[in-house]
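Here is the structure we will look at, set down as structure tokens.
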Amino acid sequence: MNPVMTNYIIKSVREKAGNLWLEYLSLRRKRSINKHIDPSAYSHLEPAVKARCEWYGTSYGGFYIIPGLLDESSVIYSFGSGRDISFDLACIRRHGSVVHAFDPTPKSIEWIQSRKLPEKFHFHPYGLSATGSGQAEFYLPANPRGISGSMIKHKEVDAEKSVTVMMKTFDDITRELKHTHIDVLKMDIEGSEYEVIDAILKSPVTIDQILVEFHDRNFDQDEPGSKEAVRKLSGSGYLIYGCSLSYEEISLVHNRKINTLARSGN
């Protein structure tokens with residue numbers, strides 16, 4: 001076997017082993033959080049509507065989703081790719097949906113560019129901003145082995161280490177990509193979700209499902225920031241149908257789709 005092929009196989013095996021280890025750690029962490037958390041503090045994240053949903057992707061990078069609302073014409077926005085696009089690939093594999101993935105993190109961009117990806121996966125090397133489009137300061141993870149950075153200072157980033165990245169507003173992104181409707185919007189944006197939700201809800205673009213990872217754990221707060229965010233989402237017609245073991249990954253569907261779910265038995 002030639003050296004190039006040997007190195008490729010070794011790298012592939014190491015990556016798969018690393019992914020399995022990360023999956024194990026993620027599951028263990030979520031079970032530990034679930035065991036020790038006070039459910040009453042997160043009662044606002046309990047499902048408000050029943051729907052046939054499935055977990056797509058790994059424990060680390062996945063979310064609950066309602067498969068009955070997806071098909072090959074569906075458009076999915078996935079903000080915060082990191083090095084785990086298992087959710088995105090599941091949507092493409094299961095439904096043939098088009099996925100637009102976004103991440104401004106240097107390590108993520110490099111990793112994505114090294115992958116062989118489906119034609120329906122479109123990557124954009126910039127992030128989602130609530131304040132404006134353009135170059136912005138982006139704080140790197142405190143853990144040198146970490147991937148995800150943030151525009152927001154919190155416990156998991158190093159305020160002394162930052163890079164300049166491209167960020168765009170939701171309105172600018174949808175205008176450039178010419179989308180007036182999104183079937184699924186997924187966000188894992190490391191603490192920026194609270195501000196971004198306001199901008200998304202003000203947009204004329206319609207969205208059927210919103211999947212968001214809340215990073216309440218990264219901030220010292222009298223009450224979880226997700227509480228106010230869910231209040232705003234519910235006030236705009238979004239109802240929670242899925243919640244992960246750790247009360248971090250939350251899935252919501254717009255109430256206009258409830259009749260569709262009822263008619264289809266989902």
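Labels for the structure tokens follow display order: chains A, B, ..., residues from 1 in each chain, ligands from 1.
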> What's the 9 Å shell around Glu195 (chain A), counting only C-alpha atoms, without same-chain residues fewer than 2 positions away, as a PyMOL selection string?
Replying inline: chain A and resi 129-131+191-193+197-199+229
Save out the residues we just selected, C-alpha atoms, as a PDB file, in the first residue's frame.
```pdb
ATOM      1  CA  SER A 129     -24.979  38.516  13.631  1.00  0.00           C
ATOM      2  CA  ALA A 130     -27.754  40.417  15.358  1.00  0.00           C
ATOM      3  CA  THR A 131     -26.143  43.822  14.910  1.00  0.00           C
ATOM      4  CA  GLY A 191     -24.426  32.385  23.278  1.00  0.00           C
ATOM      5  CA  SER A 192     -25.405  34.722  20.447  1.00  0.00           C
ATOM      6  CA  GLU A 193     -28.782  33.038  20.061  1.00  0.00           C
ATOM      7  CA  ILE A 197     -33.754  35.457  17.951  1.00  0.00           C
ATOM      8  CA  ASP A 198     -35.067  39.024  18.097  1.00  0.00           C
ATOM      9  CA  ALA A 199     -33.817  39.741  14.562  1.00  0.00           C
ATOM     10  CA  ALA A 229     -36.169  33.777  24.515  1.00  0.00           C
TER      11      ALA A 229
END
```
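For Thr174 (chain A), the non-local neighbours within 12 Å, defined as residues at least 2 positions apart in the same chain or in other chains and counting only C-alpha atoms, are Val75, Ile76, Tyr77, His100, Leu128, Lys168, Thr169, Phe170, Asp171, Asp172, Glu176, Leu177, Lys178, His179, Thr180, His181, Ile182, Leu185, Ile200, Ser203, Pro204, Val205, Thr206 and Ile207 of chain A.
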Hey, can you spit out that residue selection with C-alpha atoms as a PDB file, in the first residue's frame?
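For reference, again_37.pdb as written:
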```pdb
ATOM      1  CA  VAL A  75     -34.615  24.479   2.695  1.00  0.00           C
ATOM      2  CA  ILE A  76     -32.591  24.162   5.891  1.00  0.00           C
ATOM      3  CA  TYR A  77     -30.350  26.812   7.455  1.00  0.00           C
ATOM      4  CA  HIS A 100     -27.130  25.878   3.836  1.00  0.00           C
ATOM      5  CA  LEU A 128     -24.941  35.077  12.028  1.00  0.00           C
ATOM      6  CA  LYS A 168     -23.939  38.786   8.376  1.00  0.00           C
ATOM      7  CA  THR A 169     -27.439  39.581   9.562  1.00  0.00           C
ATOM      8  CA  PHE A 170     -30.319  37.201   8.970  1.00  0.00           C
ATOM      9  CA  ASP A 171     -31.986  39.681   6.612  1.00  0.00           C
ATOM     10  CA  ASP A 172     -28.824  40.076   4.534  1.00  0.00           C
ATOM     11  CA  GLU A 176     -28.506  37.169  -0.794  1.00  0.00           C
ATOM     12  CA  LEU A 177     -29.675  33.553  -0.962  1.00  0.00           C
ATOM     13  CA  LYS A 178     -33.115  34.654  -2.202  1.00  0.00           C
ATOM     14  CA  HIS A 179     -35.155  32.799   0.391  1.00  0.00           C
ATOM     15  CA  THR A 180     -38.536  33.993   1.645  1.00  0.00           C
ATOM     16  CA  HIS A 181     -39.303  30.729   3.440  1.00  0.00           C
ATOM     17  CA  ILE A 182     -37.122  28.343   5.467  1.00  0.00           C
ATOM     18  CA  LEU A 185     -33.540  26.951  11.011  1.00  0.00           C
ATOM     19  CA  ILE A 200     -35.178  36.473  13.198  1.00  0.00           C
ATOM     20  CA  SER A 203     -37.914  39.171   9.630  1.00  0.00           C
ATOM     21  CA  PRO A 204     -40.644  38.719   6.981  1.00  0.00           C
ATOM     22  CA  VAL A 205     -39.129  35.307   6.153  1.00  0.00           C
ATOM     23  CA  THR A 206     -41.387  32.482   7.348  1.00  0.00           C
ATOM     24  CA  ILE A 207     -39.849  29.552   9.233  1.00  0.00           C
TER      25      ILE A 207
END
```
> What are the DSSP strand (DSSP E or B) residues of region 24-72 of chain A, as number ranges by chain?
Replying inline: A: 54-56, 63-65
> Can you list, as a PyMOL selection string, every residue of region 47-204 of chain A that DSSP puts in helix (DSSP H, G or I)?
Replying inline: chain A and resi 67-69+86-95+106-113+170-177+193-202
>> As an exercise, work out the distance from CA of Gly146 (chain A) to CA of Asn34 (chain A) in Å and give it to one decimal place.
In response: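 For CA of Gly146 (chain A) relative to CA of Asn34 (chain A), the distance reads 23.4 Å.
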> Near Ala48 (chain A), within 8 Å and counting only C-alpha atoms, which residues show up once chain neighbours fewer than 5 positions away are dropped, as a list in words?
Replying inline: Leu239, Ile240 and Tyr241 of chain A
Write the residues you've just listed into a file as a PDB file, in the first residue's frame, and include C-alpha atoms for each of them.
```
ATOM      1  CA  LEU A 239     -44.325  25.918  20.306  1.00  0.00           C
ATOM      2  CA  ILE A 240     -41.752  23.574  21.837  1.00  0.00           C
ATOM      3  CA  TYR A 241     -42.101  19.943  20.781  1.00  0.00           C
TER       4      TYR A 241
END
```
> Of the candidates A:Tyr247, A:Lys153, A:Tyr60, A:Ile92, which one gets nearest to Arg28 (chain A) if we count only C-alpha atoms?
Replying inline: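 Distance minimum relative to Arg28 (chain A) lands on A:Tyr60.
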Residues within 8 Å of Pro141 (chain A), only C-alpha atoms, excluding chain neighbours under 2 positions, as a tab-separated table (two decimals) with C-alpha atoms, in the first residue's frame:
```tsv
chain	number	residue	atom	x	y	z
A	139	TYR	CA	-13.47	35.19	20.64
A	143	ASN	CA	-9.90	25.21	25.62
A	144	PRO	CA	-7.14	25.03	22.96
A	146	GLY	CA	-12.11	23.48	21.34
A	147	ILE	CA	-13.66	24.44	18.02
A	148	SER	CA	-16.48	26.89	18.62
A	149	GLY	CA	-15.85	30.56	19.25
A	150	SER	CA	-18.33	33.35	19.88
A	156	GLU	CA	-16.13	29.06	27.47
A	157	VAL	CA	-14.14	31.64	25.46
A	158	ASP	CA	-10.84	33.42	26.04
```
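Remark: for Gly68 (chain A), the closest of the candidate residues A:Ala136, A:Val98, A:Leu117, A:Cys91 is A:Cys91 (distances computed over only C-alpha atoms).
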When you look at Asp216 (chain A) with a cut-off of 7 Å (counting only C-alpha atoms), what residues show up, excluding the ones that are within fewer than 3 positions of it in the same chain? I need them as a PDB file with N, CA and C atoms, in the first residue's frame.
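Saved to around-v3.pdb:
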```
ATOM      1  N   PHE A 219     -23.319  31.450  31.254  1.00  0.00           N
ATOM      2  CA  PHE A 219     -23.508  32.786  31.819  1.00  0.00           C
ATOM      3  C   PHE A 219     -23.985  32.703  33.272  1.00  0.00           C
ATOM      4  N   PRO A 224     -32.429  31.650  33.733  1.00  0.00           N
ATOM      5  CA  PRO A 224     -31.890  31.296  32.412  1.00  0.00           C
ATOM      6  C   PRO A 224     -32.338  32.265  31.325  1.00  0.00           C
ATOM      7  N   GLY A 225     -31.411  32.654  30.458  1.00  0.00           N
ATOM      8  CA  GLY A 225     -31.749  33.539  29.349  1.00  0.00           C
ATOM      9  C   GLY A 225     -32.744  32.898  28.399  1.00  0.00           C
ATOM     10  N   SER A 226     -32.775  31.575  28.399  1.00  0.00           N
ATOM     11  CA  SER A 226     -33.707  30.866  27.520  1.00  0.00           C
ATOM     12  C   SER A 226     -35.159  31.137  27.883  1.00  0.00           C
TER      13      SER A 226
END
```
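Taking only C-alpha atoms into account, Gln209 (chain A) lies nearest to A:Pro67 out of the set A:Gly57, A:Pro104, A:Pro67, A:Pro39.
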> With distances taken over only C-alpha atoms, which of A:Val230, A:Ile66, A:Ile109, A:Val212 is nearest to Lys50 (chain A)?
Replying inline: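 So, comparing all the options, the nearest one is A:Ile66.
Among the candidates A:Ile33, A:Lys116, A:Asn259, A:Gly242, the residue lying nearest to Glu54 (chain A) is A:Gly242 (atoms considered: only C-alpha atoms).
Among the candidates A:Asp222, A:Asp208, A:Glu119, A:Glu46, the residue lying nearest to Ser97 (chain A) is A:Glu119 (atoms considered: only C-alpha atoms).
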> How many Å separate CA of Pro125 (chain A) from CA of Phe87 (chain A)?
Replying inline: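 Separating CA of Pro125 (chain A) from CA of Phe87 (chain A) is a distance of 18.1 Å.
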> Separation of CA of Gly82 (chain A) and CA of His95 (chain A), in Å?
Replying inline: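 Distance reported for this atom pair: 22.5 Å.
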